[in-house]
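J.: Got a structure for you, written out below as structure tokens; questions coming shortly.
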Amino acid sequence: MRSLLLFLCLSLAGTKAAGASDPTMPFTVYLDQDHLVCLKWRFDHLQGNIAFKLIVNTTGWVGFGLSPNGGMKGSDIVIGGLGPSGSYFTDRYATGNSVPLVDTQQSYTLLSLNETQGQTIMTFQRSIQACDDQDFHITAQPIKLIYAYGTTDEITYHGARRGTKEVNLLNYMPRTSLPNLNYLSATVDNITIPPIHTYYHCKVMNFPNLNTKHHIYQIEPVIEHHDIVRHMLLYSCPSFVTQPRDKPCYMGDMGDPCFGVVAAWAVGGGVFELPENVGIPVGGGDSDTYYRLEIHYNNPNLVAGKTDSSGLRLHYTAQLRQHDVGILSTGLLLSDHMEYRIPPNAPQFHTYGICNTTLFPQFVNPVPDLQVFAVMLHTHLAGRKVRVGHYRNGQQIDFLGLDENYNFEIQQIVSLGNIKNIKQDDELAVECTYSTVNRTGITKMGLATTDEMCLAFLFYYPAIKITSCISHPNTMSLSNTSYQMSEETTSDLDEIAEYQSLLNSLPQIQLISDDHNFTFYENGIIREMMKTPTVTCQSNNALSRLYTPWTMNPAGIMLLLLWIAIM
């Protein structure tokens, strides 16, 4: 039913091609119960803007607003339509249950406005932050959206053709409603947590046989002890893993090579529901696949005798979505043979992991464009910032992930707000910034919470069989030099900067792998990463004047006389 409703919403936009050709608007919601008013949107935190497409089952005027309480007063409103004199579109604000006043600063840009097959389609854009006192500041909290529309371009009282709906625009998750809710359970069963600071437990299992392919659409954490469970990863295993196991991780067992990420959760995260057009494939030809659940426990108080049954529920459906989802692990490779040590007393120290997709054809040919829609960033306690740079032809074109205020206690799968397109031969770089000013000894890259990591998990479609694309600087050449830091190292800032520069100049050893094979490339380089863009408020008074203000239309004059709406 949900898939049918999405199809109907897209159909409001006119032809099938019109809906299919707009993948840059990844979020869709109906604002009314009769499915006559459809809102699609995208956002870009880096550029600081958000774009909307309002699709309404009318050829009259349409209105849309952001409201503090679901009513008119204090609302930030746009009204537009396609009348006899052409397009009209105006940014307004409401002081009460009366005609909204024209905003002196027109903060919305009309991108397109047309009518087709009895529908009005209005696409417009604004800054995420408020540009003036009459604008509504959009945050990552639920916002009450209001709408109204008429049957003609004479903007008169709308009657019952109005409504409100609360939506989280910047952190939206669809809510799938399916008649039979089934899930796969990947949990440990009453294991005992040892009295050590860091403990990784792994359970290798297979799921009940699904003879046909299904799609996982929701990942739900099941946490028994929130105080000690730090992260959980579910990996697919290569075909030679055929036996279950339930014991500490990385003990040289057969389940250790399972590294194809299927699902992920980290502290501070919640339920994650995938977009309505994608799903994580499970079952069918892979019905005999084994999976490894890895749980990282942090037990700093060395509590003994505590048991745990945490894990993940993977909600699945036989109603296949349009695309299979893949999760690509990128960042810094942990290596027992090449040490990467972060010095103490460093206000800012950067580590880098790269991914050069020119090597992908060794595993997949042809290589499709990878449409990235979400990311989960991961470091440990010293992490302060994480950035994922995207390069094409040697130049950075974008960021695929960005957290300038990283918090180890809040690690979530974050929607990018729009679709980022990775093409063959593109390069990626994951940069992690650490602060060790409160540490007296070196910090190693490793599994412990007091060690460090630098990872970015990219959620994309269509899925390819490559699971990891990570790297490590070739630090073997640093042995027996003054830069090979020891536990007693106490560096000043100049020494730290010199060590940082040397690490960045080393060739990167890149590892690309799927469930069965891997390849190394030994001459990777770290490209310069641009400064994080500074978001500024954008108004569009000049462009807005290209469109006839609706107050100058006969319909606008009628509004001034007849607006008696109570939104």
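Residue numbers start at 1 in each chain; chains themselves are named A, B, ... in the order of the structure tokens; ligands are numbered from 1 in the order shown.
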Which residues are close to Leu493 (chain A), i.e. within 10 Å by only C-alpha atoms, leaving aside same-chain residues fewer than 4 positions away? Reply as a ChimeraX atom specification.

T.: /A:343-348,497-499

J.: Can you pull out the residues contacting His323 (chain A)? Cut-off 9 Å, using only C-alpha atoms, and skip same-chain residues under 5 positions away; I want them as a CSV table (one decimal) with all heavy atoms, in the first residue's frame.

T.:
chain,number,residue,atom,x,y,z
A,277,ASN,N,12.3,3.9,-1.6
A,277,ASN,CA,12.7,3.2,-2.9
A,277,ASN,C,13.8,2.3,-2.8
A,277,ASN,O,14.3,1.8,-3.8
A,277,ASN,CB,12.9,4.3,-3.9
A,277,ASN,CG,14.2,5.2,-3.6
A,277,ASN,OD1,14.5,5.3,-2.4
A,277,ASN,ND2,14.9,5.7,-4.6
A,278,VAL,N,14.3,2.0,-1.6
A,278,VAL,CA,15.5,1.2,-1.4
A,278,VAL,C,15.3,0.2,-0.3
A,278,VAL,O,14.6,0.4,0.7
A,278,VAL,CB,16.8,2.0,-1.2
A,278,VAL,CG1,17.1,3.0,-2.3
A,278,VAL,CG2,16.7,2.8,0.1
A,279,GLY,N,16.1,-0.9,-0.3
A,279,GLY,CA,16.1,-1.9,0.7
A,279,GLY,C,17.4,-2.7,0.7
A,279,GLY,O,18.0,-2.8,-0.3
A,280,ILE,N,17.7,-3.2,1.9
A,280,ILE,CA,18.9,-4.1,2.0
A,280,ILE,C,18.5,-5.5,1.6
A,280,ILE,O,17.6,-6.1,2.2
A,280,ILE,CB,19.5,-4.0,3.4
A,280,ILE,CG1,19.9,-2.6,3.8
A,280,ILE,CG2,20.7,-5.0,3.5
A,280,ILE,CD1,20.2,-2.4,5.2
A,461,TYR,N,23.0,3.3,-3.3
A,461,TYR,CA,22.4,2.3,-4.2
A,461,TYR,C,22.8,2.7,-5.6
A,461,TYR,O,23.2,3.8,-5.9
A,461,TYR,CB,20.9,2.3,-4.1
A,461,TYR,CG,20.2,3.6,-4.5
A,461,TYR,CD1,19.9,3.9,-5.8
A,461,TYR,CD2,19.9,4.6,-3.5
A,461,TYR,CE1,19.3,5.1,-6.1
A,461,TYR,CE2,19.4,5.8,-3.8
A,461,TYR,CZ,19.0,6.1,-5.2
A,461,TYR,OH,18.5,7.3,-5.5
A,462,PRO,N,22.8,1.7,-6.6
A,462,PRO,CA,22.5,0.3,-6.4
A,462,PRO,C,23.7,-0.4,-5.8
A,462,PRO,O,24.9,0.0,-6.0
A,462,PRO,CB,22.3,-0.2,-7.8
A,462,PRO,CG,23.2,0.7,-8.7
A,462,PRO,CD,23.1,2.1,-8.0
A,463,ALA,N,23.5,-1.5,-5.0
A,463,ALA,CA,24.5,-2.2,-4.3
A,463,ALA,C,25.5,-2.9,-5.3
A,463,ALA,O,25.1,-3.4,-6.3
A,463,ALA,CB,23.9,-3.2,-3.4

J.: Write out as a Markdown table the residues of region 62-88 of chain A that have any atom within 10 Å of an atom of region 120-137 of chain A, one row each with the nearest atom pair and its distance in Å to one decimal, counting only C-alpha atoms, sorted by chain and then rising number.

T.:
| residue | atom | partner | partner_atom | distance |
| --- | --- | --- | --- | --- |
| A:Val62 | CA | A:Thr120 | CA | 7.7 |
| A:Gly63 | CA | A:Met122 | CA | 9.7 |
| A:Gly65 | CA | A:Phe136 | CA | 9.1 |
| A:Leu66 | CA | A:Phe136 | CA | 6.5 |
| A:Ser67 | CA | A:Phe136 | CA | 7.7 |
| A:Pro68 | CA | A:Phe136 | CA | 8.2 |
| A:Gly74 | CA | A:Gln134 | CA | 7.9 |
| A:Ser75 | CA | A:Phe136 | CA | 7.2 |
| A:Asp76 | CA | A:Asp135 | CA | 5.6 |
| A:Ile77 | CA | A:Asp135 | CA | 8.7 |
| A:Val78 | CA | A:Phe124 | CA | 9.3 |
| A:Ile79 | CA | A:Met122 | CA | 9.6 |
| A:Gly80 | CA | A:Met122 | CA | 7.5 |
| A:Gly81 | CA | A:Thr120 | CA | 7.2 |
| A:Leu82 | CA | A:Thr120 | CA | 7.9 |

J.: I'd like to know which of A:Phe518, A:Tyr434, A:Phe373, A:Phe43 is closest to Ile422 (chain A), using only C-alpha atoms.

T.: A:Phe373
